[in-house]
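Listing of final.cif; format and content: mmCIF, N, CA and C atoms.
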data_query
loop_
_atom_site.label_atom_id
_atom_site.label_comp_id
_atom_site.auth_asym_id
_atom_site.auth_seq_id
_atom_site.Cartn_x
_atom_site.Cartn_y
_atom_site.Cartn_z
N MET A 1 121.41 90.92 106.45
CA MET A 1 120.08 91.48 106.47
C MET A 1 119.76 91.86 107.92
N ASP A 2 119.38 93.12 108.14
CA ASP A 2 119.04 93.60 109.48
C ASP A 2 117.68 93.10 109.91
N GLU A 3 117.60 92.73 111.17
CA GLU A 3 116.32 92.35 111.75
C GLU A 3 115.56 93.61 112.14
N LEU A 4 114.30 93.65 111.80
CA LEU A 4 113.44 94.75 112.23
C LEU A 4 112.90 94.47 113.61
N HIS A 5 112.68 95.50 114.39
CA HIS A 5 111.95 95.41 115.66
C HIS A 5 111.06 96.63 115.71
N LEU A 6 109.77 96.39 115.48
CA LEU A 6 108.79 97.46 115.34
C LEU A 6 107.60 97.23 116.25
N THR A 7 106.87 98.29 116.53
CA THR A 7 105.54 98.17 117.10
C THR A 7 104.59 98.86 116.14
N ILE A 8 103.40 98.29 116.00
CA ILE A 8 102.38 98.81 115.09
C ILE A 8 101.30 99.44 115.95
N HIS A 9 100.94 100.68 115.65
CA HIS A 9 99.96 101.45 116.42
C HIS A 9 98.92 102.04 115.47
N PRO A 10 97.76 102.44 116.01
CA PRO A 10 96.82 103.17 115.17
C PRO A 10 97.45 104.50 114.75
N LEU A 11 97.15 104.93 113.55
CA LEU A 11 97.69 106.18 113.03
C LEU A 11 97.16 107.35 113.86
N ASP A 12 98.04 108.21 114.29
CA ASP A 12 97.67 109.45 114.97
C ASP A 12 97.26 110.44 113.89
N ALA A 13 95.96 110.69 113.77
CA ALA A 13 95.46 111.56 112.71
C ALA A 13 95.98 112.99 112.84
N SER A 14 96.38 113.38 114.04
CA SER A 14 96.89 114.75 114.23
C SER A 14 98.42 114.83 114.14
N ALA A 15 99.06 113.74 113.77
CA ALA A 15 100.53 113.74 113.66
C ALA A 15 100.97 114.67 112.54
N THR A 16 102.09 115.30 112.75
CA THR A 16 102.70 116.16 111.74
C THR A 16 103.66 115.31 110.92
N ARG A 17 103.48 115.37 109.61
CA ARG A 17 104.34 114.59 108.72
C ARG A 17 105.65 115.34 108.50
N GLY A 18 106.74 114.57 108.48
CA GLY A 18 108.06 115.16 108.30
C GLY A 18 108.74 114.62 107.06
N ALA A 19 110.03 114.56 107.13
CA ALA A 19 110.85 114.08 106.02
C ALA A 19 110.71 112.58 105.87
N THR A 20 111.10 112.10 104.73
CA THR A 20 111.13 110.65 104.53
C THR A 20 112.42 110.10 105.10
N ALA A 21 112.37 108.85 105.51
CA ALA A 21 113.54 108.17 106.06
C ALA A 21 113.47 106.72 105.65
N GLU A 22 114.59 106.05 105.69
CA GLU A 22 114.63 104.65 105.33
C GLU A 22 114.56 103.78 106.57
N VAL A 23 113.65 102.83 106.53
CA VAL A 23 113.52 101.80 107.56
C VAL A 23 113.72 100.49 106.81
N GLY A 24 114.94 99.94 106.91
CA GLY A 24 115.30 98.84 106.03
C GLY A 24 115.25 99.36 104.61
N PRO A 25 114.70 98.61 103.66
CA PRO A 25 114.61 99.09 102.29
C PRO A 25 113.33 99.89 102.02
N LEU A 26 112.54 100.18 103.04
CA LEU A 26 111.33 100.97 102.87
C LEU A 26 111.64 102.44 103.06
N THR A 27 111.05 103.27 102.25
CA THR A 27 111.13 104.71 102.44
C THR A 27 109.78 105.14 102.99
N LEU A 28 109.80 105.65 104.23
CA LEU A 28 108.57 106.00 104.94
C LEU A 28 108.60 107.46 105.37
N THR A 29 107.43 108.03 105.54
CA THR A 29 107.31 109.40 106.03
C THR A 29 107.37 109.41 107.54
N SER A 30 108.28 110.21 108.10
CA SER A 30 108.39 110.30 109.56
C SER A 30 107.19 111.09 110.10
N LEU A 31 106.86 110.81 111.35
CA LEU A 31 105.73 111.47 112.01
C LEU A 31 106.16 112.04 113.35
N GLN A 32 105.63 113.21 113.67
CA GLN A 32 105.75 113.78 115.01
C GLN A 32 104.35 113.62 115.62
N VAL A 33 104.22 112.67 116.55
CA VAL A 33 102.90 112.33 117.08
C VAL A 33 102.50 113.27 118.20
N SER A 34 101.19 113.33 118.44
CA SER A 34 100.64 114.16 119.52
C SER A 34 100.74 113.41 120.84
N PRO A 35 100.60 114.09 121.95
CA PRO A 35 100.65 113.41 123.25
C PRO A 35 99.53 112.38 123.44
N GLN A 36 98.46 112.48 122.71
CA GLN A 36 97.32 111.58 122.86
C GLN A 36 97.44 110.28 122.08
N TRP A 37 98.51 110.09 121.32
CA TRP A 37 98.61 108.93 120.45
C TRP A 37 98.48 107.61 121.21
N ALA A 38 98.98 107.54 122.43
CA ALA A 38 99.01 106.27 123.16
C ALA A 38 97.64 105.78 123.60
N ALA A 39 96.66 106.66 123.62
CA ALA A 39 95.31 106.26 124.05
C ALA A 39 94.51 105.60 122.93
N ALA A 40 94.97 105.72 121.70
CA ALA A 40 94.22 105.18 120.56
C ALA A 40 94.32 103.66 120.50
N MET A 41 93.34 103.05 119.88
CA MET A 41 93.29 101.60 119.73
C MET A 41 93.22 101.24 118.25
N LEU A 42 93.78 100.09 117.91
CA LEU A 42 93.67 99.58 116.55
C LEU A 42 92.23 99.18 116.27
N SER A 43 91.87 99.04 115.02
CA SER A 43 90.49 98.74 114.65
C SER A 43 90.10 97.29 114.91
N LEU A 44 91.08 96.40 115.06
CA LEU A 44 90.78 94.98 115.23
C LEU A 44 90.73 94.57 116.70
N THR A 45 89.91 93.57 116.98
CA THR A 45 89.94 92.95 118.30
C THR A 45 91.04 91.89 118.29
N PHE A 46 91.40 91.41 119.46
CA PHE A 46 92.38 90.34 119.60
C PHE A 46 91.93 89.13 118.78
N GLU A 47 90.66 88.75 118.92
CA GLU A 47 90.13 87.57 118.22
C GLU A 47 90.15 87.75 116.71
N GLU A 48 89.84 88.95 116.22
CA GLU A 48 89.89 89.19 114.78
C GLU A 48 91.32 89.07 114.25
N ALA A 49 92.28 89.62 114.98
CA ALA A 49 93.67 89.52 114.54
C ALA A 49 94.15 88.07 114.53
N VAL A 50 93.78 87.30 115.55
CA VAL A 50 94.16 85.89 115.60
C VAL A 50 93.55 85.15 114.41
N GLU A 51 92.30 85.41 114.12
CA GLU A 51 91.62 84.74 112.99
C GLU A 51 92.28 85.12 111.67
N ARG A 52 92.63 86.38 111.48
CA ARG A 52 93.28 86.82 110.25
C ARG A 52 94.69 86.24 110.13
N LEU A 53 95.41 86.19 111.24
CA LEU A 53 96.74 85.57 111.23
C LEU A 53 96.66 84.09 110.86
N SER A 54 95.63 83.41 111.36
CA SER A 54 95.50 81.97 111.10
C SER A 54 95.27 81.67 109.63
N ARG A 55 94.84 82.66 108.86
CA ARG A 55 94.64 82.47 107.42
C ARG A 55 95.94 82.56 106.62
N LEU A 56 97.00 83.08 107.24
CA LEU A 56 98.28 83.16 106.53
C LEU A 56 98.91 81.77 106.49
N PRO A 57 99.39 81.33 105.32
CA PRO A 57 100.02 80.01 105.25
C PRO A 57 101.28 79.96 106.10
N MET A 58 101.44 78.90 106.87
CA MET A 58 102.61 78.67 107.70
C MET A 58 102.69 79.59 108.92
N ALA A 59 101.58 80.20 109.31
CA ALA A 59 101.56 81.04 110.51
C ALA A 59 101.18 80.18 111.71
N TYR A 60 101.80 80.48 112.85
CA TYR A 60 101.51 79.77 114.09
C TYR A 60 101.20 80.81 115.16
N ILE A 61 100.06 80.64 115.83
CA ILE A 61 99.61 81.60 116.83
C ILE A 61 99.32 80.88 118.13
N GLU A 62 99.87 81.39 119.23
CA GLU A 62 99.60 80.87 120.57
C GLU A 62 98.38 81.58 121.15
N PRO A 63 97.66 80.95 122.09
CA PRO A 63 96.49 81.60 122.70
C PRO A 63 96.83 82.91 123.42
N ASP A 64 98.08 83.09 123.84
CA ASP A 64 98.45 84.34 124.54
C ASP A 64 98.71 85.49 123.58
N GLY A 65 98.65 85.24 122.27
CA GLY A 65 98.85 86.29 121.28
C GLY A 65 100.23 86.32 120.65
N SER A 66 101.11 85.42 121.05
CA SER A 66 102.41 85.36 120.38
C SER A 66 102.23 84.64 119.04
N TYR A 67 102.99 85.06 118.06
CA TYR A 67 102.85 84.47 116.72
C TYR A 67 104.21 84.37 116.04
N VAL A 68 104.26 83.46 115.07
CA VAL A 68 105.41 83.32 114.18
C VAL A 68 104.84 83.06 112.79
N TRP A 69 105.40 83.74 111.82
CA TRP A 69 105.05 83.49 110.43
C TRP A 69 106.36 83.42 109.65
N ALA A 70 106.62 82.25 109.07
CA ALA A 70 107.87 82.04 108.36
C ALA A 70 107.64 81.26 107.09
N GLY A 71 108.52 81.46 106.14
CA GLY A 71 108.46 80.73 104.89
C GLY A 71 109.83 80.63 104.26
N ALA A 72 110.07 79.54 103.55
CA ALA A 72 111.36 79.31 102.92
C ALA A 72 111.55 80.11 101.65
N GLY A 73 110.45 80.68 101.15
CA GLY A 73 110.56 81.55 99.99
C GLY A 73 110.61 80.79 98.68
N PRO A 74 111.14 81.38 97.63
CA PRO A 74 111.83 82.65 97.68
C PRO A 74 110.86 83.82 97.63
N PRO A 75 111.16 84.92 98.26
CA PRO A 75 112.26 85.09 99.20
C PRO A 75 111.88 84.57 100.59
N ALA A 76 112.86 84.11 101.33
CA ALA A 76 112.62 83.60 102.69
C ALA A 76 112.24 84.75 103.61
N PHE A 77 111.41 84.45 104.62
CA PHE A 77 111.02 85.46 105.60
C PHE A 77 110.75 84.79 106.93
N ARG A 78 110.85 85.56 107.98
CA ARG A 78 110.48 85.11 109.32
C ARG A 78 110.12 86.34 110.15
N PHE A 79 108.88 86.36 110.60
CA PHE A 79 108.40 87.41 111.48
C PHE A 79 107.79 86.76 112.72
N GLU A 80 107.99 87.39 113.84
CA GLU A 80 107.37 86.93 115.08
C GLU A 80 107.00 88.14 115.89
N GLY A 81 106.14 87.94 116.86
CA GLY A 81 105.75 89.07 117.69
C GLY A 81 104.66 88.71 118.67
N MET A 82 103.96 89.76 119.12
CA MET A 82 102.94 89.60 120.14
C MET A 82 101.81 90.60 119.90
N LEU A 83 100.59 90.10 120.03
CA LEU A 83 99.41 90.95 119.98
C LEU A 83 99.15 91.47 121.39
N HIS A 84 98.94 92.76 121.54
CA HIS A 84 98.68 93.36 122.86
C HIS A 84 97.30 94.02 122.83
N ASP A 85 96.41 93.54 123.68
CA ASP A 85 95.09 94.14 123.72
C ASP A 85 94.91 94.93 125.01
N ARG A 86 93.94 95.83 124.95
CA ARG A 86 93.55 96.63 126.11
C ARG A 86 92.05 96.82 125.98
N GLY A 87 91.32 96.10 126.81
CA GLY A 87 89.87 96.15 126.68
C GLY A 87 89.42 95.37 125.46
N GLU A 88 88.59 95.99 124.67
CA GLU A 88 87.98 95.29 123.53
C GLU A 88 88.83 95.29 122.26
N ARG A 89 89.84 96.12 122.17
CA ARG A 89 90.63 96.26 120.94
C ARG A 89 92.11 96.05 121.21
N LEU A 90 92.84 95.87 120.12
CA LEU A 90 94.30 95.80 120.22
C LEU A 90 94.85 97.20 120.47
N SER A 91 95.79 97.29 121.39
CA SER A 91 96.45 98.58 121.60
C SER A 91 97.64 98.73 120.66
N HIS A 92 98.39 97.64 120.47
CA HIS A 92 99.52 97.66 119.55
C HIS A 92 99.96 96.22 119.27
N VAL A 93 100.81 96.07 118.29
CA VAL A 93 101.33 94.77 117.90
C VAL A 93 102.85 94.89 117.80
N GLU A 94 103.55 93.98 118.44
CA GLU A 94 105.01 93.94 118.33
C GLU A 94 105.38 93.03 117.16
N LEU A 95 106.40 93.41 116.42
CA LEU A 95 106.82 92.68 115.24
C LEU A 95 108.35 92.70 115.16
N MET A 96 108.94 91.53 115.01
CA MET A 96 110.38 91.40 114.83
C MET A 96 110.63 90.45 113.67
N GLY A 97 111.71 90.67 112.95
CA GLY A 97 112.08 89.72 111.91
C GLY A 97 112.54 90.37 110.64
N HIS A 98 112.43 89.61 109.56
CA HIS A 98 112.87 90.05 108.25
C HIS A 98 112.04 89.38 107.18
N GLY A 99 111.97 90.03 106.03
CA GLY A 99 111.25 89.49 104.90
C GLY A 99 111.11 90.56 103.83
N CYS A 100 110.42 90.23 102.77
CA CYS A 100 110.28 91.19 101.67
C CYS A 100 109.19 92.21 101.99
N HIS A 101 109.21 93.26 101.24
CA HIS A 101 108.27 94.38 101.36
C HIS A 101 106.81 93.89 101.35
N GLU A 102 106.46 93.07 100.37
CA GLU A 102 105.08 92.61 100.23
C GLU A 102 104.65 91.74 101.41
N THR A 103 105.56 90.89 101.90
CA THR A 103 105.24 90.02 103.03
C THR A 103 105.01 90.84 104.28
N LEU A 104 105.84 91.84 104.51
CA LEU A 104 105.68 92.70 105.68
C LEU A 104 104.34 93.44 105.64
N LEU A 105 103.98 94.00 104.49
CA LEU A 105 102.69 94.70 104.38
C LEU A 105 101.52 93.74 104.56
N ARG A 106 101.65 92.52 104.07
CA ARG A 106 100.61 91.51 104.25
C ARG A 106 100.43 91.18 105.73
N LEU A 107 101.53 91.05 106.45
CA LEU A 107 101.46 90.78 107.89
C LEU A 107 100.85 91.96 108.64
N ILE A 108 101.27 93.18 108.32
CA ILE A 108 100.70 94.36 108.98
C ILE A 108 99.19 94.40 108.77
N ALA A 109 98.74 94.15 107.56
CA ALA A 109 97.30 94.15 107.28
C ALA A 109 96.58 93.07 108.08
N ALA A 110 97.21 91.91 108.24
CA ALA A 110 96.57 90.81 108.98
C ALA A 110 96.43 91.14 110.46
N VAL A 111 97.45 91.72 111.06
CA VAL A 111 97.42 91.92 112.51
C VAL A 111 96.86 93.26 112.95
N ALA A 112 96.82 94.24 112.03
CA ALA A 112 96.45 95.58 112.47
C ALA A 112 95.42 96.27 111.59
N GLY A 113 95.05 95.69 110.49
CA GLY A 113 94.10 96.34 109.59
C GLY A 113 94.82 97.04 108.45
N GLU A 114 94.12 97.93 107.80
CA GLU A 114 94.65 98.60 106.61
C GLU A 114 95.89 99.43 106.92
N PRO A 115 96.95 99.28 106.12
CA PRO A 115 98.17 100.06 106.35
C PRO A 115 97.94 101.58 106.36
N ASP A 116 96.91 102.06 105.66
CA ASP A 116 96.60 103.49 105.65
C ASP A 116 96.20 104.00 107.04
N HIS A 117 95.81 103.10 107.94
CA HIS A 117 95.29 103.50 109.24
C HIS A 117 96.23 103.18 110.39
N VAL A 118 97.47 102.82 110.08
CA VAL A 118 98.41 102.48 111.14
C VAL A 118 99.73 103.22 110.95
N MET A 119 100.49 103.27 112.02
CA MET A 119 101.85 103.80 111.98
C MET A 119 102.74 102.80 112.68
N ILE A 120 104.02 102.84 112.37
CA ILE A 120 104.97 101.97 113.05
C ILE A 120 105.92 102.82 113.88
N GLN A 121 106.42 102.19 114.92
CA GLN A 121 107.44 102.82 115.75
C GLN A 121 108.65 101.90 115.74
N THR A 122 109.81 102.43 115.45
CA THR A 122 111.03 101.63 115.51
C THR A 122 111.43 101.57 116.98
N VAL A 123 111.58 100.36 117.49
CA VAL A 123 111.86 100.17 118.91
C VAL A 123 113.23 100.71 119.28
N ARG A 124 114.20 100.51 118.42
CA ARG A 124 115.57 100.92 118.73
C ARG A 124 115.68 102.41 119.01
N ASP A 125 115.03 103.25 118.21
CA ASP A 125 115.18 104.70 118.41
C ASP A 125 113.87 105.42 118.72
N GLY A 126 112.75 104.69 118.78
CA GLY A 126 111.49 105.29 119.19
C GLY A 126 110.86 106.24 118.20
N LYS A 127 111.26 106.21 116.94
CA LYS A 127 110.69 107.11 115.92
C LYS A 127 109.45 106.49 115.30
N PHE A 128 108.53 107.37 114.90
CA PHE A 128 107.27 106.95 114.29
C PHE A 128 107.28 107.24 112.80
N PHE A 129 106.58 106.34 112.03
CA PHE A 129 106.51 106.47 110.59
C PHE A 129 105.12 106.07 110.11
N ALA A 130 104.64 106.77 109.08
CA ALA A 130 103.40 106.37 108.41
C ALA A 130 103.71 105.13 107.58
N VAL A 131 102.84 104.13 107.63
CA VAL A 131 103.06 102.91 106.86
C VAL A 131 102.71 103.13 105.40
N ALA A 132 101.65 103.85 105.12
CA ALA A 132 101.24 104.05 103.74
C ALA A 132 101.15 105.53 103.44
N PRO A 133 101.54 105.98 102.28
CA PRO A 133 102.18 105.16 101.27
C PRO A 133 103.64 104.89 101.63
N CYS A 134 104.09 103.70 101.30
CA CYS A 134 105.51 103.38 101.51
C CYS A 134 106.08 102.92 100.19
N TYR A 135 107.36 103.05 100.08
CA TYR A 135 108.03 102.77 98.82
C TYR A 135 109.27 101.94 99.07
N LEU A 136 109.64 101.12 98.12
CA LEU A 136 110.90 100.39 98.19
C LEU A 136 112.04 101.36 97.94
N ALA A 137 113.04 101.31 98.75
CA ALA A 137 114.23 102.14 98.54
C ALA A 137 115.27 101.31 97.79
N SER A 138 115.98 101.93 96.94
CA SER A 138 117.09 101.29 96.22
C SER A 138 116.69 100.05 95.44
N GLY A 139 115.42 99.86 95.16
CA GLY A 139 114.97 98.73 94.37
C GLY A 139 115.08 97.39 95.08
N SER A 140 115.40 97.36 96.37
CA SER A 140 115.57 96.12 97.09
C SER A 140 114.22 95.61 97.57
N ALA A 141 114.08 94.30 97.69
CA ALA A 141 112.85 93.72 98.19
C ALA A 141 113.04 93.03 99.53
N ASP A 142 114.23 93.00 100.08
CA ASP A 142 114.47 92.33 101.35
C ASP A 142 114.57 93.32 102.48
N LEU A 143 113.96 92.97 103.61
CA LEU A 143 114.10 93.80 104.82
C LEU A 143 115.19 93.23 105.67
#
Represent the supplied structure as structure tokens.
Amino acid sequence: MDELHLTIHPLDASATRGATAEVGPLTLTSLQVSPQWAAAMLSLTFEEAVERLSRLPMAYIEPDGSYVWAGAGPPAFRFEGMLHDRGERLSHVELMGHGCHETLLRLIAAVAGEPDHVMIQTVRDGKFFAVAPCYLASGSADL
């Protein structure tokens, strides 16, 4: 099972949607973002994201914004990362790990708000993807 390494950003409303691509077992729409995408902020504050993360069973959050959320399953999962704020809001969230489709979407919603309003960037190749709507590829549930 491949480990994901992603960053979660606010959706660039002016992004051009492209072809679909597979990110793990998810089929996501690729995005060509505008130069202004980096100035946008997520809808949640650091404190709101920490509070929402603390509601997830078996989640552990440090005061500096680092977090781990793991479970023995089935299916087993482990995600970790860091909340990054800039001023009053989160600028982005780093996420690494593996788990099922539903668990990943639940974590994204906890740390960044509604999946319809965020995009992910794959760290390895720097590509952007719309989170919603997303689909399971090949019927698999493991990332």
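Only residues having an atom at most 6.5 Å from (93.3, 96.0, 119.8) are included; using only N, CA and C atoms, these are A:Met41, A:Leu42, A:Ser43, A:Leu44, A:Thr45, A:Phe46, A:His84, A:Asp85, A:Arg86, A:Glu88, A:Arg89, A:Leu90, A:Ser91, A:His92.
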Spatial neighbours of Tyr60 in chain A, max dist 6.5 Å, only N, CA and C atoms, sep filter under 3 positions, as a PyMOL selection string = chain A and resi 66-70
Generate the output file for the selected residues, N, CA and C atoms, as a PDB file, in the coordinates of the input.
ATOM      1  N   SER A  66     101.110  85.420 121.050  1.00  0.00           N
ATOM      2  CA  SER A  66     102.410  85.360 120.380  1.00  0.00           C
ATOM      3  C   SER A  66     102.230  84.640 119.040  1.00  0.00           C
ATOM      4  N   TYR A  67     102.990  85.060 118.060  1.00  0.00           N
ATOM      5  CA  TYR A  67     102.850  84.470 116.720  1.00  0.00           C
ATOM      6  C   TYR A  67     104.210  84.370 116.040  1.00  0.00           C
ATOM      7  N   VAL A  68     104.260  83.460 115.070  1.00  0.00           N
ATOM      8  CA  VAL A  68     105.410  83.320 114.180  1.00  0.00           C
ATOM      9  C   VAL A  68     104.840  83.060 112.790  1.00  0.00           C
ATOM     10  N   TRP A  69     105.400  83.740 111.820  1.00  0.00           N
ATOM     11  CA  TRP A  69     105.050  83.490 110.430  1.00  0.00           C
ATOM     12  C   TRP A  69     106.360  83.420 109.650  1.00  0.00           C
ATOM     13  N   ALA A  70     106.620  82.250 109.070  1.00  0.00           N
ATOM     14  CA  ALA A  70     107.870  82.040 108.360  1.00  0.00           C
ATOM     15  C   ALA A  70     107.640  81.260 107.090  1.00  0.00           C
TER      16      ALA A  70
END
With a distance cut-off of 9 Å and only C-alpha atoms, select the neighbouring residues of Ala13 in chain A, excluding the residue or stretch itself and same-chain residues fewer than 4 positions from it, and output the selection as a PDB file with N, CA and C atoms, in the frame of the given file.
ATOM      1  N   VAL A  33     104.220 112.670 116.550  1.00  0.00           N
ATOM      2  CA  VAL A  33     102.900 112.330 117.080  1.00  0.00           C
ATOM      3  C   VAL A  33     102.500 113.270 118.200  1.00  0.00           C
ATOM      4  N   SER A  34     101.190 113.330 118.440  1.00  0.00           N
ATOM      5  CA  SER A  34     100.640 114.160 119.520  1.00  0.00           C
ATOM      6  C   SER A  34     100.740 113.410 120.840  1.00  0.00           C
ATOM      7  N   TRP A  37      98.510 110.090 121.320  1.00  0.00           N
ATOM      8  CA  TRP A  37      98.610 108.930 120.450  1.00  0.00           C
ATOM      9  C   TRP A  37      98.480 107.610 121.210  1.00  0.00           C
ATOM     10  N   HIS A 117      95.810 103.100 107.940  1.00  0.00           N
ATOM     11  CA  HIS A 117      95.290 103.500 109.240  1.00  0.00           C
ATOM     12  C   HIS A 117      96.230 103.180 110.390  1.00  0.00           C
TER      13      HIS A 117
END
task = Return as a ChimeraX atom specification the full set of residues in chain A whose backbone-based DSSP assignment is alpha helix (DSSP H).
result = /A:46-54,101-112
Restricting it to N, CA and C atoms, dump the selection as a JSON list (two decimals), in the coordinates of the input.
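again19.json was written with the following content:
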[["chain", "number", "residue", "atom", "x", "y", "z"],
["A", 46, "PHE", "N", 91.40, 91.41, 119.46],
["A", 46, "PHE", "CA", 92.38, 90.34, 119.60],
["A", 46, "PHE", "C", 91.93, 89.13, 118.78],
["A", 47, "GLU", "N", 90.66, 88.75, 118.92],
["A", 47, "GLU", "CA", 90.13, 87.57, 118.22],
["A", 47, "GLU", "C", 90.15, 87.75, 116.71],
["A", 48, "GLU", "N", 89.84, 88.95, 116.22],
["A", 48, "GLU", "CA", 89.89, 89.19, 114.78],
["A", 48, "GLU", "C", 91.32, 89.07, 114.25],
["A", 49, "ALA", "N", 92.28, 89.62, 114.98],
["A", 49, "ALA", "CA", 93.67, 89.52, 114.54],
["A", 49, "ALA", "C", 94.15, 88.07, 114.53],
["A", 50, "VAL", "N", 93.78, 87.30, 115.55],
["A", 50, "VAL", "CA", 94.16, 85.89, 115.60],
["A", 50, "VAL", "C", 93.55, 85.15, 114.41],
["A", 51, "GLU", "N", 92.30, 85.41, 114.12],
["A", 51, "GLU", "CA", 91.62, 84.74, 112.99],
["A", 51, "GLU", "C", 92.28, 85.12, 111.67],
["A", 52, "ARG", "N", 92.63, 86.38, 111.48],
["A", 52, "ARG", "CA", 93.28, 86.82, 110.25],
["A", 52, "ARG", "C", 94.69, 86.24, 110.13],
["A", 53, "LEU", "N", 95.41, 86.19, 111.24],
["A", 53, "LEU", "CA", 96.74, 85.57, 111.23],
["A", 53, "LEU", "C", 96.66, 84.09, 110.86],
["A", 54, "SER", "N", 95.63, 83.41, 111.36],
["A", 54, "SER", "CA", 95.50, 81.97, 111.10],
["A", 54, "SER", "C", 95.27, 81.67, 109.63],
["A", 101, "HIS", "N", 109.21, 93.26, 101.24],
["A", 101, "HIS", "CA", 108.27, 94.38, 101.36],
["A", 101, "HIS", "C", 106.81, 93.89, 101.35],
["A", 102, "GLU", "N", 106.46, 93.07, 100.37],
["A", 102, "GLU", "CA", 105.08, 92.61, 100.23],
["A", 102, "GLU", "C", 104.65, 91.74, 101.41],
["A", 103, "THR", "N", 105.56, 90.89, 101.90],
["A", 103, "THR", "CA", 105.24, 90.02, 103.03],
["A", 103, "THR", "C", 105.01, 90.84, 104.28],
["A", 104, "LEU", "N", 105.84, 91.84, 104.51],
["A", 104, "LEU", "CA", 105.68, 92.70, 105.68],
["A", 104, "LEU", "C", 104.34, 93.44, 105.64],
["A", 105, "LEU", "N", 103.98, 94.00, 104.49],
["A", 105, "LEU", "CA", 102.69, 94.70, 104.38],
["A", 105, "LEU", "C", 101.52, 93.74, 104.56],
["A", 106, "ARG", "N", 101.65, 92.52, 104.07],
["A", 106, "ARG", "CA", 100.61, 91.51, 104.25],
["A", 106, "ARG", "C", 100.43, 91.18, 105.73],
["A", 107, "LEU", "N", 101.53, 91.05, 106.45],
["A", 107, "LEU", "CA", 101.46, 90.78, 107.89],
["A", 107, "LEU", "C", 100.85, 91.96, 108.64],
["A", 108, "ILE", "N", 101.27, 93.18, 108.32],
["A", 108, "ILE", "CA", 100.70, 94.36, 108.98],
["A", 108, "ILE", "C", 99.19, 94.40, 108.77],
["A", 109, "ALA", "N", 98.74, 94.15, 107.56],
["A", 109, "ALA", "CA", 97.30, 94.15, 107.28],
["A", 109, "ALA", "C", 96.58, 93.07, 108.08],
["A", 110, "ALA", "N", 97.21, 91.91, 108.24],
["A", 110, "ALA", "CA", 96.57, 90.81, 108.98],
["A", 110, "ALA", "C", 96.43, 91.14, 110.46],
["A", 111, "VAL", "N", 97.45, 91.72, 111.06],
["A", 111, "VAL", "CA", 97.42, 91.92, 112.51],
["A", 111, "VAL", "C", 96.86, 93.26, 112.95],
["A", 112, "ALA", "N", 96.82, 94.24, 112.03],
["A", 112, "ALA", "CA", 96.45, 95.58, 112.47],
["A", 112, "ALA", "C", 95.42, 96.27, 111.59]]
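Between CA of His9 in chain A and atom C of Gly73 in chain A lies a distance of 29.2 Å.
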inquiry  = To test your reading of the syntax: which residues would the PyMOL selection byres ((chain A and resi 19) around 7) return for the file shown? Reply as JSON, numbers by chain.
reply    = {"A": [17, 18, 20, 21, 28, 29, 30, 31]}
query = What does the PyMOL selection byres ((chain A and resi 8) around 6.5) select in this file, as a count of residues only?
reply = 13
Interatomic distance (Å, one decimal) between atom C of Arg78 in chain A and atom N of Glu48 in chain A = 21.3 Å
task = Calculate how many Å separate CA of Glu80 in chain A from CA of Met96 in chain A, rounding to one decimal.
result = 5.4 Å
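Minimum distance to Gly87 in chain A across A:Gly113, A:Ser54, A:Ala39, A:Ile108 (counting only C-alpha atoms) occurs at A:Ala39.
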